[in-house]
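**Q** For reference, the file query08.txt (compact mmCIF, C-alpha atoms) is included below:
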```txt
# COMPACT_ATOMS: atom_id res chain seq x y z
CA MET A 1 -33.74 29.25 -26.42
CA PRO A 2 -31.38 28.43 -23.52
CA LYS A 3 -32.01 29.71 -20.03
CA GLN A 4 -29.24 31.52 -18.17
CA THR A 5 -28.54 28.33 -16.19
CA PHE A 6 -27.25 26.73 -19.38
CA PHE A 7 -24.76 29.52 -19.97
CA ASN A 8 -23.64 29.24 -16.35
CA LEU A 9 -22.41 25.70 -17.02
CA PRO A 10 -18.71 25.05 -17.68
CA GLU A 11 -17.93 25.28 -21.38
CA GLU A 12 -16.96 21.61 -21.58
CA LYS A 13 -20.34 20.52 -20.21
CA ARG A 14 -22.23 22.90 -22.52
CA ASN A 15 -20.37 21.53 -25.53
CA LYS A 16 -21.07 17.94 -24.47
CA ILE A 17 -24.81 18.60 -24.25
CA ILE A 18 -24.80 20.41 -27.61
CA ASN A 19 -22.81 17.69 -29.42
CA ILE A 20 -24.94 14.84 -28.05
CA SER A 21 -28.14 16.74 -28.90
CA LEU A 22 -26.91 17.44 -32.43
CA LEU A 23 -26.29 13.74 -33.09
CA GLU A 24 -29.69 12.78 -31.67
CA PHE A 25 -31.52 15.18 -33.97
CA ALA A 26 -29.21 14.32 -36.87
CA GLN A 27 -30.08 10.62 -36.56
CA HIS A 28 -33.81 11.08 -35.90
CA SER A 29 -36.61 13.36 -37.02
CA TYR A 30 -37.66 16.12 -34.65
CA ARG A 31 -40.66 14.10 -33.49
CA ALA A 32 -38.69 10.88 -32.99
CA ALA A 33 -35.71 12.51 -31.26
CA SER A 34 -35.66 11.75 -27.53
CA VAL A 35 -34.63 14.08 -24.72
CA SER A 36 -34.39 10.97 -22.53
CA ARG A 37 -31.69 9.51 -24.80
CA ILE A 38 -29.85 12.84 -24.81
CA VAL A 39 -29.71 13.18 -21.02
CA LYS A 40 -28.72 9.53 -20.61
CA LYS A 41 -25.75 9.93 -22.95
CA ALA A 42 -24.86 13.28 -21.37
CA GLY A 43 -24.98 11.79 -17.89
CA ILE A 44 -27.39 14.37 -16.49
CA ALA A 45 -30.85 14.20 -14.93
CA LYS A 46 -33.81 14.88 -17.22
CA GLY A 47 -34.97 17.58 -14.82
CA SER A 48 -31.64 19.33 -15.28
CA MET A 49 -32.20 19.60 -19.02
CA TYR A 50 -35.42 21.51 -18.39
CA GLN A 51 -33.48 23.89 -16.18
CA TYR A 52 -31.37 24.66 -19.26
CA PHE A 53 -34.12 24.69 -21.91
CA LYS A 54 -37.86 25.25 -21.60
CA ASN A 55 -38.67 22.17 -23.68
CA LYS A 56 -37.48 20.08 -26.62
CA LYS A 57 -38.46 22.80 -29.07
CA GLY A 58 -36.34 25.31 -27.17
CA LEU A 59 -33.35 22.98 -27.44
CA TYR A 60 -34.00 22.36 -31.13
CA LEU A 61 -34.30 26.06 -31.97
CA HIS A 62 -31.03 26.75 -30.14
CA LEU A 63 -29.31 24.02 -32.15
CA ILE A 64 -30.59 25.58 -35.38
CA ASP A 65 -29.20 28.98 -34.42
CA PHE A 66 -25.97 27.40 -33.23
CA THR A 67 -25.27 25.32 -36.35
CA THR A 68 -26.43 27.91 -38.90
CA ASN A 69 -24.42 30.69 -37.27
CA LYS A 70 -21.34 28.46 -36.97
CA LYS A 71 -21.27 27.66 -40.69
CA LEU A 72 -22.02 31.19 -41.87
CA SER A 73 -19.43 32.58 -39.47
CA TYR A 74 -16.89 30.07 -40.83
CA LEU A 75 -17.59 31.20 -44.40
CA ASP A 76 -17.35 34.86 -43.45
CA ARG A 77 -14.03 34.34 -41.68
CA HIS A 78 -12.41 32.32 -44.46
CA LEU A 79 -13.67 34.08 -47.58
CA ASP A 80 -10.89 36.09 -49.16
CA SER A 81 -12.02 39.70 -48.74
CA SER A 82 -9.48 40.83 -51.33
CA ILE A 83 -11.46 39.06 -54.09
CA GLU A 84 -13.65 41.68 -55.74
CA ASP A 85 -15.18 39.47 -58.43
CA PHE A 86 -18.47 38.05 -57.13
CA TYR A 87 -18.23 34.86 -59.17
CA GLU A 88 -14.74 34.02 -57.94
CA LEU A 89 -15.93 34.70 -54.41
CA TYR A 90 -18.94 32.43 -55.00
CA LYS A 91 -16.65 29.66 -56.22
CA GLN A 92 -14.58 29.96 -53.04
CA MET A 93 -17.80 29.93 -51.02
CA ILE A 94 -18.78 26.55 -52.51
CA PHE A 95 -15.39 25.00 -51.77
CA LEU A 96 -15.44 26.32 -48.20
CA ALA A 97 -18.99 25.04 -47.66
CA VAL A 98 -18.01 21.54 -48.82
CA LYS A 99 -14.91 21.60 -46.58
CA TYR A 100 -16.99 22.69 -43.61
CA ASP A 101 -19.70 20.07 -44.17
CA LEU A 102 -17.21 17.21 -44.43
CA GLY A 103 -15.30 18.41 -41.39
CA ASN A 104 -18.32 19.01 -39.15
CA ILE A 105 -20.38 15.87 -39.50
CA GLY A 106 -22.82 16.30 -36.61
CA LYS A 107 -23.58 19.94 -37.38
CA SER A 108 -23.99 19.33 -41.11
CA LEU A 109 -26.33 16.34 -40.73
CA PHE A 110 -28.43 18.20 -38.20
CA THR A 111 -28.76 21.24 -40.47
CA TYR A 112 -29.63 19.03 -43.46
CA ASN A 113 -32.32 17.19 -41.51
CA ALA A 114 -33.72 20.41 -40.07
CA SER A 115 -33.92 21.89 -43.58
CA HIS A 116 -35.33 18.88 -45.42
CA ASN A 117 -36.79 16.19 -43.18
CA HIS A 118 -39.93 17.87 -41.99
CA ASN A 119 -43.64 17.27 -42.42
CA HIS A 120 -45.03 19.79 -44.91
CA ASN A 121 -48.33 19.69 -43.00
CA ASP A 122 -46.57 20.67 -39.78
CA LYS A 123 -46.61 24.47 -39.57
CA GLU A 124 -44.01 24.59 -36.78
CA MET A 125 -41.50 22.49 -38.74
CA ARG A 126 -42.11 24.47 -41.92
CA GLU A 127 -41.37 27.69 -40.06
CA ILE A 128 -38.13 26.22 -38.68
CA ALA A 129 -36.98 25.19 -42.17
CA MET A 130 -37.91 28.63 -43.52
CA ASN A 131 -35.89 30.27 -40.75
CA ILE A 132 -32.76 28.37 -41.82
CA SER A 133 -33.31 29.35 -45.47
CA GLU A 134 -33.81 32.99 -44.54
CA LYS A 135 -30.50 33.12 -42.67
CA LYS A 136 -28.68 31.63 -45.65
CA ARG A 137 -30.33 34.08 -48.05
CA ASN A 138 -29.46 37.06 -45.87
CA PHE A 139 -25.84 35.89 -45.74
CA LEU A 140 -25.65 35.65 -49.54
CA LYS A 141 -27.65 38.82 -50.14
CA LYS A 142 -24.95 41.13 -48.78
CA TYR A 143 -22.50 39.74 -51.34
CA VAL A 144 -25.07 40.08 -54.14
CA ILE A 145 -25.72 43.72 -53.19
CA THR A 146 -21.99 44.49 -53.23
CA ALA A 147 -21.64 42.80 -56.64
CA ARG A 148 -24.50 44.91 -58.02
CA GLU A 149 -22.81 48.05 -56.76
CA ARG A 150 -19.65 46.98 -58.61
CA GLY A 151 -21.59 46.42 -61.81
CA GLN A 152 -21.10 42.62 -61.79
CA ILE A 153 -24.80 41.74 -61.44
CA ARG A 154 -27.68 43.34 -63.33
CA LYS A 155 -29.75 45.93 -61.50
CA ASP A 156 -32.99 45.54 -63.45
CA VAL A 157 -33.92 42.33 -61.58
CA ASP A 158 -35.05 42.34 -57.96
CA VAL A 159 -32.13 41.61 -55.62
CA ASP A 160 -34.20 39.17 -53.57
CA LEU A 161 -35.11 37.17 -56.68
CA ILE A 162 -31.43 36.95 -57.65
CA THR A 163 -30.44 35.94 -54.13
CA CYS A 164 -33.19 33.32 -53.84
CA THR A 165 -32.28 31.82 -57.21
CA ILE A 166 -28.57 31.52 -56.43
CA ASN A 167 -29.29 30.20 -52.92
CA GLN A 168 -31.78 27.58 -54.11
CA ILE A 169 -29.51 26.31 -56.88
CA SER A 170 -26.54 26.21 -54.50
CA SER A 171 -28.57 24.21 -51.97
CA ASN A 172 -29.20 21.57 -54.63
CA LEU A 173 -25.59 21.15 -55.75
CA GLY A 174 -25.37 18.00 -53.64
CA VAL A 175 -28.25 16.48 -55.64
CA TYR A 176 -26.52 17.32 -58.92
CA MET A 177 -23.22 15.84 -57.72
CA SER A 178 -25.07 12.63 -56.77
CA ILE A 179 -26.41 12.34 -60.32
CA LYS A 180 -23.31 13.49 -62.20
CA PHE A 181 -20.64 11.63 -60.23
CA ASN A 182 -22.68 8.73 -58.78
CA PHE A 183 -22.24 9.39 -55.06
CA ASN A 184 -24.43 10.73 -52.29
CA TYR A 185 -23.13 13.86 -50.58
CA ILE A 186 -25.14 13.30 -47.39
CA ASN A 187 -24.07 9.64 -47.19
CA LEU A 188 -20.43 10.77 -47.22
CA ILE A 189 -21.10 12.98 -44.22
CA GLU A 190 -22.98 10.20 -42.42
CA LYS A 191 -20.08 7.82 -42.93
CA GLY A 192 -17.53 10.37 -41.77
CA ILE A 193 -15.72 10.41 -45.13
CA LEU A 194 -13.86 13.71 -45.09
CA LYS A 195 -13.11 14.01 -48.80
CA LEU A 196 -15.21 14.12 -51.95
CA PRO A 197 -14.71 11.14 -54.31
CA ILE A 198 -14.05 13.63 -57.12
CA SER A 199 -11.08 15.90 -57.68
CA ASP A 200 -11.05 19.60 -56.85
CA LYS A 201 -10.62 20.16 -60.59
CA LYS A 202 -13.93 18.41 -61.36
CA LEU A 203 -15.69 20.32 -58.60
CA GLU A 204 -14.28 23.58 -59.92
CA SER A 205 -15.37 22.71 -63.45
CA MET A 206 -18.90 22.01 -62.19
CA VAL A 207 -19.04 25.34 -60.35
CA ASP A 208 -17.66 27.15 -63.43
CA GLU A 209 -20.52 25.73 -65.50
CA LEU A 210 -22.98 26.90 -62.87
CA ILE A 211 -21.45 30.38 -62.92
CA GLU A 212 -21.83 30.45 -66.70
CA ILE A 213 -25.56 29.86 -66.19
CA PHE A 214 -25.71 32.65 -63.62
CA LYS A 215 -23.99 34.99 -66.06
CA HIS A 216 -25.66 34.07 -69.34
CA GLY A 217 -28.76 31.97 -68.56
CA PHE A 218 -29.79 28.97 -70.64
CA GLU A 219 -30.02 30.66 -74.01
CA PRO A 220 -27.44 29.41 -76.56
CA LYS A 221 -24.54 31.83 -76.98
CA ASN A 222 -24.65 31.55 -80.79
CA LYS A 223 -28.39 32.13 -81.09
CA ALA A 224 -29.06 34.32 -84.10
CA LYS A 225 -30.59 37.69 -83.37
CA ALA A 226 -34.01 38.27 -84.84
```
Show me this structure written as C-alpha cells.
**A**
Amino acid sequence: MPKQTFFNLPEEKRNKIINISLLEFAQHSYRAASVSRIVKKAGIAKGSMYQYFKNKKGLYLHLIDFTTNKKLSYLDRHLDSSIEDFYELYKQMIFLAVKYDLGNIGKSLFTYNASHNHNHNDKEMREIAMNISEKKRNFLKKYVITARERGQIRKDVDVDLITCTINQISSNLGVYMSIKFNFNYINLIEKGILKLPISDKKLESMVDELIEIFKHGFEPKNKAKA
C-alpha cells in the first residue's frame, strides 16, 4: 500500500502515476510489468517510486483497491435507490457496469487482467484475484440480503451461495455476449470503443433472459407435475 509520501504529493502528480501504472499493468502481466517503464513515462526517478510504495507488489495492490473501489462506488452512487425490486435493480447494475467499463478503459483493462490473467500455480496472484472477487461478492451480497428481507429471493438457500452464483454468472456475461453477438467485450475496451455494437434493447433482452433463469432455474415452465 502507499506510504504517506505518496499522499503528500499534489493530486495531479498522484493521478499521473496511478494512470500510467494502470496502463502498464493493463498491457502486461504482473510479472512482465516494469516499474522502470512506469517511472520513465511519469518523469520521476525510480528511487522516488520506492519512496511512495514499498515495492511493485505494494503498487499493484493499491491499484487493485483503487480500481475495484472506484467501480463499486460508481455503481452505488448511480443505482436508483427508489427501485425496490431486486431484479430491476440488477438490470440497472448491468447497464451501469457496461457504461463504466467502456468509459474507464485503463481501469477496466487492469481489473480484467488482475482477475483473469494470473498463473494458477502462483499463490500470490491467486490471492489477489480472490480478493477482487470477494469485494464484488460483498457489494452484491448487501442487495441480495435486502431482497430476501423483502421476500423477492428464497430464504431456504444459503445467501452466500446465491450471491456467488449471481456474481459468477454476471462476470461471464462478456463471454456470452462474445458468442451471441460475435464481438469481444474486452477488445472493445482495448480499442477505446465507447459503445456496444448491439442496441440497449438487445442487451436488456439478454439480461431479462438471465433474470428469468435466476427466478425460475432451467426447468421447463410447462413441465408436468408428477
**Q** Could you pull the residues within 10 Å of Thr5 (chain A), counting all atoms listed in the file, minus those fewer than 3 positions along the same chain, as number ranges by chain?
**A** A: 2, 8-9, 48-53
**Q** Need the shell around region 69-85 of chain A: protein/DNA/RNA residues with any atom at most 9 Å away, counting all atoms listed in the file. Skip same-chain ones fewer than 6 positions apart. Format as a PyMOL selection string?
**A** chain A and resi 92-93+96-97+100-101+107-108+135-136+139+147+150+152
**Q** Smallest atom-to-atom distance to Asn19 (chain A): which of A:Lys41, A:Gly106, A:Ala32, A:Leu89, using all atoms listed in the file?
**A** A:Gly106
**Q** Between A:Asp160, A:Glu12, A:Glu209, A:Asp200, which one has atoms that come closest to Lys99 (chain A), using only C-alpha atoms?
**A**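 Under the stated criterion, the closest residue is A:Asp200.
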**Q** For a cut-off of 12 Å around (-34.8, 38.2, -55.9), file coordinates, pick out all residues using all atoms listed in the file and list them as JSON, numbers by chain.
**A** {"A": [137, 138, 140, 141, 144, 145, 153, 154, 155, 156, 157, 158, 159, 160, 161, 162, 163, 164, 165, 166, 167, 168]}
**Q** Using C-alpha atoms, can you export the residues from the last selection as a PDB file, keeping the file's coordinate frame?
**A**
```pdb
ATOM      1  CA  ARG A 137     -30.330  34.080 -48.050  1.00  0.00           C
ATOM      2  CA  ASN A 138     -29.460  37.060 -45.870  1.00  0.00           C
ATOM      3  CA  LEU A 140     -25.650  35.650 -49.540  1.00  0.00           C
ATOM      4  CA  LYS A 141     -27.650  38.820 -50.140  1.00  0.00           C
ATOM      5  CA  VAL A 144     -25.070  40.080 -54.140  1.00  0.00           C
ATOM      6  CA  ILE A 145     -25.720  43.720 -53.190  1.00  0.00           C
ATOM      7  CA  ILE A 153     -24.800  41.740 -61.440  1.00  0.00           C
ATOM      8  CA  ARG A 154     -27.680  43.340 -63.330  1.00  0.00           C
ATOM      9  CA  LYS A 155     -29.750  45.930 -61.500  1.00  0.00           C
ATOM     10  CA  ASP A 156     -32.990  45.540 -63.450  1.00  0.00           C
ATOM     11  CA  VAL A 157     -33.920  42.330 -61.580  1.00  0.00           C
ATOM     12  CA  ASP A 158     -35.050  42.340 -57.960  1.00  0.00           C
ATOM     13  CA  VAL A 159     -32.130  41.610 -55.620  1.00  0.00           C
ATOM     14  CA  ASP A 160     -34.200  39.170 -53.570  1.00  0.00           C
ATOM     15  CA  LEU A 161     -35.110  37.170 -56.680  1.00  0.00           C
ATOM     16  CA  ILE A 162     -31.430  36.950 -57.650  1.00  0.00           C
ATOM     17  CA  THR A 163     -30.440  35.940 -54.130  1.00  0.00           C
ATOM     18  CA  CYS A 164     -33.190  33.320 -53.840  1.00  0.00           C
ATOM     19  CA  THR A 165     -32.280  31.820 -57.210  1.00  0.00           C
ATOM     20  CA  ILE A 166     -28.570  31.520 -56.430  1.00  0.00           C
ATOM     21  CA  ASN A 167     -29.290  30.200 -52.920  1.00  0.00           C
ATOM     22  CA  GLN A 168     -31.780  27.580 -54.110  1.00  0.00           C
TER      23      GLN A 168
END
```
**Q** State, in Å with one decimal place, the distance from CA of Phe86 (chain A) to CA of Ile105 (chain A).
**A**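 Computing the Euclidean distance for CA of Phe86 (chain A) and CA of Ile105 (chain A) yields 28.4 Å.
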**Q** For each of A:Glu190, A:Glu127, A:Asp208, A:Asp122, take the minimum atom-to-atom distance to Leu23 (chain A), counting all atoms listed in the file, then give the residue where this is smallest.
**A**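 With all atoms listed in the file as the atom set, the closest residue is A:Glu190.
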